[in-house]
Structure formats: structure tokens, C-alpha cells
Amino acid sequence: MDFYPFIRVEGLSAKDFRKQKIDIQNFTAVIFTSRNAVDHFFRICEEMKIKVSQDCKYFCITEAIALYLQKFILYRKRKVFYGADGSTKSLLEVMNKHRDNEKFLFPSSDSQRKDVEEWLKANKCEYAIPTLYKTVSNDVKDLLADTEYDMIVFFSPYGVKSLFENIPKFEQNGTRIGAFGPTTSAAVEEAGLRLDVKAPAPQAPSMVAALEQYLAEINKK
């Protein structure tokens, strides 16, 4: 078993951020849907010597991301909020309770979550979505050329995109494909690949559990 990332995250420079003409200090609330967003938001603030107000509110998609903020701010529950179950729906429910008079900043990659943006638009919120980092394909040509894998597992739609950027004429043949998350599963199928292992599922909340279940079924045959 090999662990090799098909993608990597690259942060935008302060120079490139300035081109977006977004003043971070004009916003009263920040939305985080990943640790990458947290890291690059505070990196940009440090590089540009921006002091974020102590009254700024933070809305996080999971409790884990909310707790991760302790690396950068003095954690106070009255200004850090998170969704109950890690879903976008629960995040938006929390935001809805506090949306009045807030100006939302949604730091993201070059492809943000459209569902959050649609909610901000629908609720006529004042907001901005700065791009702070981008997802880039790693070179995996040699890796795939040297080894014939029985299975390739993807954890992001960008991993699927990277596969075809590296090998445009990739043919699945007998290679099994696994995918974690609904958007990743959709990307696999949209690429015309056969999806063999899908997670999370009711009996397999993690990819490890899904693989164990799949292998157990194969061994029964």
C-alpha cells in the first residue's frame, strides 16, 4: 500500500491577494470550511500585518476546525461557532442565527463551496470570497507507470482531475476505484470510471471501514 497525494495546496502571495481588493478589516465574521482556509487566512494576515478585531466571529463547519482556531486566536465560545454534525446544512443553520448586521468573509481555494455562496446570496448578506490558496496537481506519472495498482482511492474531486491531467488516456481496466465523500464519488463517475468502493456509508463511516467491508466480501467469493 502506498500513500501518495495526487494534489497539493499552494498559498497565494500577499501580492496576489492584494489584487482582489478585499479589505479583511472591513468584515465582522469569517467562515471556515477547512484547516487550509484557517492556515492561509492567518498567514495572509501576518504577511500583510493585518490585525483581526477581537470581536470578529468565526463560523466553522466542524468542531475540529473550531478548536484548531486556538492556534491563532484566544478561543471564546461567544465568538466561535460550529455546525452540530459537520454538514454544510448545520453550519448554515448556525450562521442564520447570527447573520443580522454581520459582514461575512469566506476564505477559500480557487474553487469554494458553492452551497455556502448561494446561501449568502439568497439571504442578501454582505460578503466577500477571497481566494487564498489553490489546489495543484502533483506529478504522478512515474508512480503509476512503475507500479500496477489493484486499487486507487481518491479523497477529493481534484485527485480525479489530477489523474487525468497526468494520464489523459487513463483506462481503468481491472483497477478498482474508491472514493470518499459524495463530491469525490460524483467526480469518479463523471469521469467515466467504475466506482467500486464508496464511503461514507451507513455500515462504513470511514474509508478504512469501507475497504475492510469490500475486501471481506471479495474473500467470501
# chains A, B, ... in the order shown; residues from 1 in each chain; ligands from 1
$ select_by_dssp --residues "stretch 37-101 of chain A" --states "strand (DSSP E or B)" --output "PyMOL selection string"
chain A and resi 57-60+80-82
$ residues_around --residues "stretch 16-28 of chain A" --least-positions-apart "5" --cutoff "8 Å" --atoms "only C-alpha atoms" --output "ChimeraX atom specification"
/A:50-53,55-57,102-105,127-128,130-132
$ atom_distance --atom1 "atom CA of A:Lys97" --atom2 "atom CA of A:Thr33"
18.0 Å
$ closest_residue --among "A:Thr175, A:Ser90, A:Gln54, A:Asn166" --to "A:Ile152" --atoms "only C-alpha atoms"
A:Thr175
$ residues_around --residues "A:Glu47" --least-positions-apart "2" --cutoff "10 Å" --atoms "only C-alpha atoms" --output "list of chain:residue names"
A:Ser13, A:Ala14, A:Lys15, A:Phe42, A:Arg43, A:Ile44, A:Cys45, A:Lys49, A:Ile50
$ write_last_selection --atoms "N, CA and C atoms" --output "PDB file, in the first residue's frame"
ATOM      1  N   SER A  13       0.352  34.519  -2.766  1.00  0.00           N
ATOM      2  CA  SER A  13       1.210  35.512  -2.122  1.00  0.00           C
ATOM      3  C   SER A  13       0.374  36.717  -1.704  1.00  0.00           C
ATOM      4  N   ALA A  14       0.922  37.508  -0.791  1.00  0.00           N
ATOM      5  CA  ALA A  14       0.227  38.728  -0.369  1.00  0.00           C
ATOM      6  C   ALA A  14       0.019  39.654  -1.566  1.00  0.00           C
ATOM      7  N   LYS A  15       0.970  39.660  -2.485  1.00  0.00           N
ATOM      8  CA  LYS A  15       0.858  40.488  -3.689  1.00  0.00           C
ATOM      9  C   LYS A  15      -0.364  40.085  -4.512  1.00  0.00           C
ATOM     10  N   PHE A  42      -4.783  33.262   8.277  1.00  0.00           N
ATOM     11  CA  PHE A  42      -3.908  33.899   9.261  1.00  0.00           C
ATOM     12  C   PHE A  42      -2.497  34.126   8.707  1.00  0.00           C
ATOM     13  N   ARG A  43      -2.088  33.311   7.746  1.00  0.00           N
ATOM     14  CA  ARG A  43      -0.791  33.558   7.080  1.00  0.00           C
ATOM     15  C   ARG A  43      -0.821  34.886   6.341  1.00  0.00           C
ATOM     16  N   ILE A  44      -1.896  35.107   5.579  1.00  0.00           N
ATOM     17  CA  ILE A  44      -2.030  36.359   4.833  1.00  0.00           C
ATOM     18  C   ILE A  44      -2.098  37.547   5.791  1.00  0.00           C
ATOM     19  N   CYS A  45      -2.848  37.394   6.873  1.00  0.00           N
ATOM     20  CA  CYS A  45      -2.948  38.476   7.864  1.00  0.00           C
ATOM     21  C   CYS A  45      -1.573  38.819   8.437  1.00  0.00           C
ATOM     22  N   LYS A  49       0.479  42.170   7.838  1.00  0.00           N
ATOM     23  CA  LYS A  49       0.415  42.883   9.125  1.00  0.00           C
ATOM     24  C   LYS A  49      -1.001  43.408   9.410  1.00  0.00           C
ATOM     25  N   ILE A  50      -1.971  42.555   9.140  1.00  0.00           N
ATOM     26  CA  ILE A  50      -3.370  42.889   9.401  1.00  0.00           C
ATOM     27  C   ILE A  50      -3.748  42.382  10.786  1.00  0.00           C
TER      28      ILE A  50
END
$ atom_distance --atom1 "atom CA of A:Val9" --atom2 "atom CA of A:Ser87"
22.7 Å
$ residues_around --residues "stretch 68-76 of chain A" --least-positions-apart "4" --cutoff "10 Å" --atoms "only C-alpha atoms" --output "ChimeraX atom specification"
/A:32,34-35,38-39,42-43,52,54,57-58,60,62-64,80-81
$ residues_around --residues "A:Asn36" --least-positions-apart "6" --cutoff "9 Å" --atoms "only C-alpha atoms" --output "list in words"
Val9, Ser108, Ser109 and Tyr133 of chain A
$ write_last_selection --atoms "all heavy atoms" --output "compact mmCIF listing (two decimals), in the first residue's frame"
# COMPACT_ATOMS: atom_id res chain seq x y z
N VAL A 9 -1.65 21.77 -1.94
CA VAL A 9 -2.21 23.12 -1.78
C VAL A 9 -1.08 24.14 -1.80
O VAL A 9 -0.07 23.97 -1.11
CB VAL A 9 -3.00 23.22 -0.47
CG1 VAL A 9 -3.39 24.67 -0.18
CG2 VAL A 9 -4.25 22.36 -0.53
N SER A 108 -11.18 30.96 0.87
CA SER A 108 -11.32 29.67 0.21
C SER A 108 -10.19 29.43 -0.77
O SER A 108 -9.27 30.23 -0.92
CB SER A 108 -12.66 29.61 -0.53
OG SER A 108 -12.67 30.58 -1.56
N SER A 109 -10.31 28.31 -1.45
CA SER A 109 -9.37 27.97 -2.51
C SER A 109 -9.91 28.52 -3.82
O SER A 109 -10.89 29.27 -3.83
CB SER A 109 -9.20 26.45 -2.61
OG SER A 109 -10.40 25.88 -3.09
N TYR A 133 -5.68 30.31 -1.51
CA TYR A 133 -4.82 29.20 -1.89
C TYR A 133 -5.46 28.46 -3.06
O TYR A 133 -6.63 28.67 -3.38
CB TYR A 133 -4.60 28.24 -0.71
CG TYR A 133 -5.86 27.66 -0.11
CD1 TYR A 133 -6.29 26.38 -0.43
CD2 TYR A 133 -6.64 28.39 0.80
CE1 TYR A 133 -7.45 25.84 0.12
CE2 TYR A 133 -7.79 27.86 1.35
CZ TYR A 133 -8.19 26.59 1.01
OH TYR A 133 -9.33 26.07 1.56
$ residues_around --residues "A:His98" --least-positions-apart "2" --cutoff "10 Å" --atoms "only C-alpha atoms" --output "PDB file with N, CA and C atoms, in the first residue's frame"
ATOM      1  N   ALA A  29     -17.191  38.818  10.421  1.00  0.00           N
ATOM      2  CA  ALA A  29     -17.298  37.370  10.635  1.00  0.00           C
ATOM      3  C   ALA A  29     -16.549  36.634   9.529  1.00  0.00           C
ATOM      4  N   LYS A  57     -16.238  37.299  14.629  1.00  0.00           N
ATOM      5  CA  LYS A  57     -16.851  35.995  14.866  1.00  0.00           C
ATOM      6  C   LYS A  57     -16.339  34.992  13.837  1.00  0.00           C
ATOM      7  N   PHE A  59     -17.216  31.215  12.066  1.00  0.00           N
ATOM      8  CA  PHE A  59     -18.191  30.153  11.829  1.00  0.00           C
ATOM      9  C   PHE A  59     -17.479  28.992  11.129  1.00  0.00           C
ATOM     10  N   PHE A  81     -18.305  29.590  16.462  1.00  0.00           N
ATOM     11  CA  PHE A  81     -19.492  28.759  16.306  1.00  0.00           C
ATOM     12  C   PHE A  81     -19.205  27.651  15.299  1.00  0.00           C
ATOM     13  N   GLU A  93     -27.292  26.736   9.428  1.00  0.00           N
ATOM     14  CA  GLU A  93     -28.283  26.948  10.490  1.00  0.00           C
ATOM     15  C   GLU A  93     -27.706  27.824  11.600  1.00  0.00           C
ATOM     16  N   VAL A  94     -26.445  27.588  11.941  1.00  0.00           N
ATOM     17  CA  VAL A  94     -25.790  28.403  12.970  1.00  0.00           C
ATOM     18  C   VAL A  94     -25.593  29.827  12.461  1.00  0.00           C
ATOM     19  N   MET A  95     -25.143  29.957  11.223  1.00  0.00           N
ATOM     20  CA  MET A  95     -24.934  31.286  10.644  1.00  0.00           C
ATOM     21  C   MET A  95     -26.227  32.073  10.586  1.00  0.00           C
ATOM     22  N   ASN A  96     -27.319  31.381  10.320  1.00  0.00           N
ATOM     23  CA  ASN A  96     -28.622  32.041  10.193  1.00  0.00           C
ATOM     24  C   ASN A  96     -29.037  32.740  11.478  1.00  0.00           C
ATOM     25  N   ASP A 100     -27.666  38.750  11.116  1.00  0.00           N
ATOM     26  CA  ASP A 100     -28.009  40.173  11.119  1.00  0.00           C
ATOM     27  C   ASP A 100     -26.801  41.034  11.462  1.00  0.00           C
ATOM     28  N   ASN A 101     -26.609  42.049  10.645  1.00  0.00           N
ATOM     29  CA  ASN A 101     -25.542  43.052  10.857  1.00  0.00           C
ATOM     30  C   ASN A 101     -24.126  42.506  10.728  1.00  0.00           C
ATOM     31  N   GLU A 102     -23.984  41.267  10.229  1.00  0.00           N
ATOM     32  CA  GLU A 102     -22.642  40.706  10.043  1.00  0.00           C
ATOM     33  C   GLU A 102     -22.185  40.873   8.588  1.00  0.00           C
TER      34      GLU A 102
END
$ residues_around --residues "A:Glu171" --least-positions-apart "6" --cutoff "10 Å" --atoms "only C-alpha atoms" --output "ChimeraX atom specification"
/A:164,192-193
$ write_last_selection --atoms "all heavy atoms" --output "mmCIF file, in the first residue's frame"
data_model
loop_
_atom_site.group_PDB
_atom_site.id
_atom_site.type_symbol
_atom_site.label_atom_id
_atom_site.label_comp_id
_atom_site.auth_asym_id
_atom_site.auth_seq_id
_atom_site.Cartn_x
_atom_site.Cartn_y
_atom_site.Cartn_z
ATOM 1 N N PHE A 164 -6.231 12.419 -14.544
ATOM 2 C CA PHE A 164 -6.367 12.596 -15.990
ATOM 3 C C PHE A 164 -5.452 13.692 -16.537
ATOM 4 O O PHE A 164 -5.130 13.689 -17.724
ATOM 5 C CB PHE A 164 -7.829 12.869 -16.350
ATOM 6 C CG PHE A 164 -8.678 11.626 -16.301
ATOM 7 C CD1 PHE A 164 -9.418 11.315 -15.168
ATOM 8 C CD2 PHE A 164 -8.697 10.735 -17.363
ATOM 9 C CE1 PHE A 164 -10.187 10.158 -15.099
ATOM 10 C CE2 PHE A 164 -9.447 9.569 -17.306
ATOM 11 C CZ PHE A 164 -10.195 9.284 -16.176
ATOM 12 N N GLY A 192 -16.237 8.851 -16.034
ATOM 13 C CA GLY A 192 -16.464 7.601 -16.766
ATOM 14 C C GLY A 192 -15.792 6.397 -16.152
ATOM 15 O O GLY A 192 -15.632 5.356 -16.803
ATOM 16 N N LEU A 193 -15.408 6.505 -14.864
ATOM 17 C CA LEU A 193 -14.760 5.394 -14.175
ATOM 18 C C LEU A 193 -15.789 4.571 -13.405
ATOM 19 O O LEU A 193 -16.844 5.074 -13.018
ATOM 20 C CB LEU A 193 -13.690 5.919 -13.207
ATOM 21 C CG LEU A 193 -12.546 6.722 -13.828
ATOM 22 C CD1 LEU A 193 -11.657 7.304 -12.741
ATOM 23 C CD2 LEU A 193 -11.731 5.868 -14.787
#
$ decode --residues "stretch 107-152 of chain A" --atoms "N, CA and C atoms" --output "mmCIF file, in the first residue's frame"
data_model
loop_
_atom_site.group_PDB
_atom_site.id
_atom_site.type_symbol
_atom_site.label_atom_id
_atom_site.label_comp_id
_atom_site.auth_asym_id
_atom_site.auth_seq_id
_atom_site.Cartn_x
_atom_site.Cartn_y
_atom_site.Cartn_z
ATOM 1 N N PRO A 107 -12.932 32.846 3.295
ATOM 2 C CA PRO A 107 -11.644 32.499 2.676
ATOM 3 C C PRO A 107 -11.712 31.102 2.071
ATOM 4 N N SER A 108 -11.177 30.963 0.871
ATOM 5 C CA SER A 108 -11.316 29.668 0.213
ATOM 6 C C SER A 108 -10.190 29.426 -0.774
ATOM 7 N N SER A 109 -10.308 28.306 -1.451
ATOM 8 C CA SER A 109 -9.368 27.967 -2.514
ATOM 9 C C SER A 109 -9.913 28.523 -3.817
ATOM 10 N N ASP A 110 -9.300 28.126 -4.935
ATOM 11 C CA ASP A 110 -9.765 28.600 -6.237
ATOM 12 C C ASP A 110 -11.086 27.961 -6.631
ATOM 13 N N SER A 111 -11.636 27.111 -5.772
ATOM 14 C CA SER A 111 -12.951 26.504 -6.043
ATOM 15 C C SER A 111 -13.682 26.319 -4.719
ATOM 16 N N GLN A 112 -14.382 27.351 -4.294
ATOM 17 C CA GLN A 112 -15.042 27.323 -2.999
ATOM 18 C C GLN A 112 -16.329 26.508 -3.035
ATOM 19 N N ARG A 113 -16.905 26.308 -1.859
ATOM 20 C CA ARG A 113 -18.168 25.575 -1.735
ATOM 21 C C ARG A 113 -19.299 26.462 -2.247
ATOM 22 N N LYS A 114 -19.925 26.060 -3.325
ATOM 23 C CA LYS A 114 -20.985 26.849 -3.946
ATOM 24 C C LYS A 114 -22.213 26.963 -3.051
ATOM 25 N N ASP A 115 -22.469 25.924 -2.224
ATOM 26 C CA ASP A 115 -23.669 25.954 -1.387
ATOM 27 C C ASP A 115 -23.621 27.080 -0.366
ATOM 28 N N VAL A 116 -22.426 27.367 0.172
ATOM 29 C CA VAL A 116 -22.291 28.470 1.129
ATOM 30 C C VAL A 116 -22.503 29.799 0.415
ATOM 31 N N GLU A 117 -21.887 29.947 -0.754
ATOM 32 C CA GLU A 117 -22.041 31.192 -1.511
ATOM 33 C C GLU A 117 -23.508 31.427 -1.888
ATOM 34 N N GLU A 118 -24.198 30.380 -2.287
ATOM 35 C CA GLU A 118 -25.607 30.500 -2.658
ATOM 36 C C GLU A 118 -26.456 30.952 -1.470
ATOM 37 N N TRP A 119 -26.123 30.432 -0.276
ATOM 38 C CA TRP A 119 -26.846 30.845 0.928
ATOM 39 C C TRP A 119 -26.608 32.322 1.219
ATOM 40 N N LEU A 120 -25.365 32.774 1.099
ATOM 41 C CA LEU A 120 -25.034 34.174 1.351
ATOM 42 C C LEU A 120 -25.787 35.086 0.382
ATOM 43 N N LYS A 121 -25.868 34.664 -0.872
ATOM 44 C CA LYS A 121 -26.605 35.441 -1.874
ATOM 45 C C LYS A 121 -28.092 35.468 -1.567
ATOM 46 N N ALA A 122 -28.648 34.284 -1.298
ATOM 47 C CA ALA A 122 -30.087 34.163 -1.068
ATOM 48 C C ALA A 122 -30.550 34.977 0.138
ATOM 49 N N ASN A 123 -29.679 35.103 1.141
ATOM 50 C CA ASN A 123 -30.034 35.830 2.352
ATOM 51 C C ASN A 123 -29.568 37.286 2.321
ATOM 52 N N LYS A 124 -29.145 37.711 1.128
ATOM 53 C CA LYS A 124 -28.745 39.109 0.915
ATOM 54 C C LYS A 124 -27.705 39.577 1.938
ATOM 55 N N CYS A 125 -26.772 38.697 2.242
ATOM 56 C CA CYS A 125 -25.702 39.027 3.183
ATOM 57 C C CYS A 125 -24.636 39.871 2.482
ATOM 58 N N GLU A 126 -23.968 40.668 3.266
ATOM 59 C CA GLU A 126 -22.807 41.382 2.735
ATOM 60 C C GLU A 126 -21.608 40.455 2.919
ATOM 61 N N TYR A 127 -20.934 40.132 1.831
ATOM 62 C CA TYR A 127 -19.872 39.130 1.938
ATOM 63 C C TYR A 127 -18.834 39.299 0.837
ATOM 64 N N ALA A 128 -17.713 38.621 1.034
ATOM 65 C CA ALA A 128 -16.657 38.538 0.017
ATOM 66 C C ALA A 128 -16.024 37.157 0.118
ATOM 67 N N ILE A 129 -15.557 36.649 -1.017
ATOM 68 C CA ILE A 129 -14.942 35.317 -1.037
ATOM 69 C C ILE A 129 -13.534 35.440 -1.627
ATOM 70 N N PRO A 130 -12.557 35.758 -0.790
ATOM 71 C CA PRO A 130 -11.188 35.869 -1.291
ATOM 72 C C PRO A 130 -10.560 34.499 -1.549
ATOM 73 N N THR A 131 -9.815 34.396 -2.617
ATOM 74 C CA THR A 131 -9.044 33.186 -2.886
ATOM 75 C C THR A 131 -7.692 33.328 -2.194
ATOM 76 N N LEU A 132 -7.382 32.425 -1.275
ATOM 77 C CA LEU A 132 -6.138 32.490 -0.515
ATOM 78 C C LEU A 132 -5.163 31.377 -0.883
ATOM 79 N N TYR A 133 -5.679 30.313 -1.514
ATOM 80 C CA TYR A 133 -4.821 29.198 -1.894
ATOM 81 C C TYR A 133 -5.458 28.459 -3.063
ATOM 82 N N LYS A 134 -4.676 27.637 -3.702
ATOM 83 C CA LYS A 134 -5.188 26.893 -4.851
ATOM 84 C C LYS A 134 -4.719 25.446 -4.794
ATOM 85 N N THR A 135 -5.486 24.592 -5.442
ATOM 86 C CA THR A 135 -5.179 23.169 -5.489
ATOM 87 C C THR A 135 -4.445 22.866 -6.781
ATOM 88 N N VAL A 136 -3.292 22.231 -6.659
ATOM 89 C CA VAL A 136 -2.421 21.960 -7.809
ATOM 90 C C VAL A 136 -2.163 20.458 -7.913
ATOM 91 N N SER A 137 -2.118 19.959 -9.130
ATOM 92 C CA SER A 137 -1.852 18.529 -9.339
ATOM 93 C C SER A 137 -0.380 18.206 -9.102
ATOM 94 N N ASN A 138 -0.131 17.082 -8.434
ATOM 95 C CA ASN A 138 1.230 16.563 -8.320
ATOM 96 C C ASN A 138 1.557 15.714 -9.542
ATOM 97 N N ASP A 139 2.835 15.555 -9.815
ATOM 98 C CA ASP A 139 3.273 14.712 -10.931
ATOM 99 C C ASP A 139 3.325 13.258 -10.447
ATOM 100 N N VAL A 140 2.376 12.448 -10.918
ATOM 101 C CA VAL A 140 2.318 11.043 -10.503
ATOM 102 C C VAL A 140 2.518 10.096 -11.691
ATOM 103 N N LYS A 141 3.008 10.639 -12.792
ATOM 104 C CA LYS A 141 3.188 9.811 -13.999
ATOM 105 C C LYS A 141 4.098 8.618 -13.734
ATOM 106 N N ASP A 142 5.260 8.893 -13.144
ATOM 107 C CA ASP A 142 6.225 7.811 -12.897
ATOM 108 C C ASP A 142 5.681 6.805 -11.898
ATOM 109 N N LEU A 143 4.992 7.294 -10.888
ATOM 110 C CA LEU A 143 4.423 6.423 -9.860
ATOM 111 C C LEU A 143 3.468 5.409 -10.485
ATOM 112 N N LEU A 144 2.586 5.875 -11.347
ATOM 113 C CA LEU A 144 1.602 4.991 -11.958
ATOM 114 C C LEU A 144 2.197 4.136 -13.075
ATOM 115 N N ALA A 145 3.286 4.632 -13.678
ATOM 116 C CA ALA A 145 3.922 3.870 -14.752
ATOM 117 C C ALA A 145 4.738 2.705 -14.202
ATOM 118 N N ASP A 146 5.316 2.903 -13.002
ATOM 119 C CA ASP A 146 6.208 1.890 -12.433
ATOM 120 C C ASP A 146 5.477 0.793 -11.667
ATOM 121 N N THR A 147 4.249 1.086 -11.234
ATOM 122 C CA THR A 147 3.525 0.125 -10.401
ATOM 123 C C THR A 147 2.106 -0.068 -10.926
ATOM 124 N N GLU A 148 1.688 -1.306 -10.995
ATOM 125 C CA GLU A 148 0.310 -1.594 -11.400
ATOM 126 C C GLU A 148 -0.520 -1.812 -10.136
ATOM 127 N N TYR A 149 -1.295 -0.809 -9.780
ATOM 128 C CA TYR A 149 -2.067 -0.861 -8.534
ATOM 129 C C TYR A 149 -3.380 -1.608 -8.733
ATOM 130 N N ASP A 150 -3.762 -2.361 -7.696
ATOM 131 C CA ASP A 150 -5.057 -3.046 -7.724
ATOM 132 C C ASP A 150 -6.193 -2.062 -7.470
ATOM 133 N N MET A 151 -5.888 -1.013 -6.697
ATOM 134 C CA MET A 151 -6.916 -0.030 -6.378
ATOM 135 C C MET A 151 -6.299 1.358 -6.205
ATOM 136 N N ILE A 152 -7.038 2.374 -6.642
ATOM 137 C CA ILE A 152 -6.675 3.765 -6.405
ATOM 138 C C ILE A 152 -7.822 4.399 -5.624
#
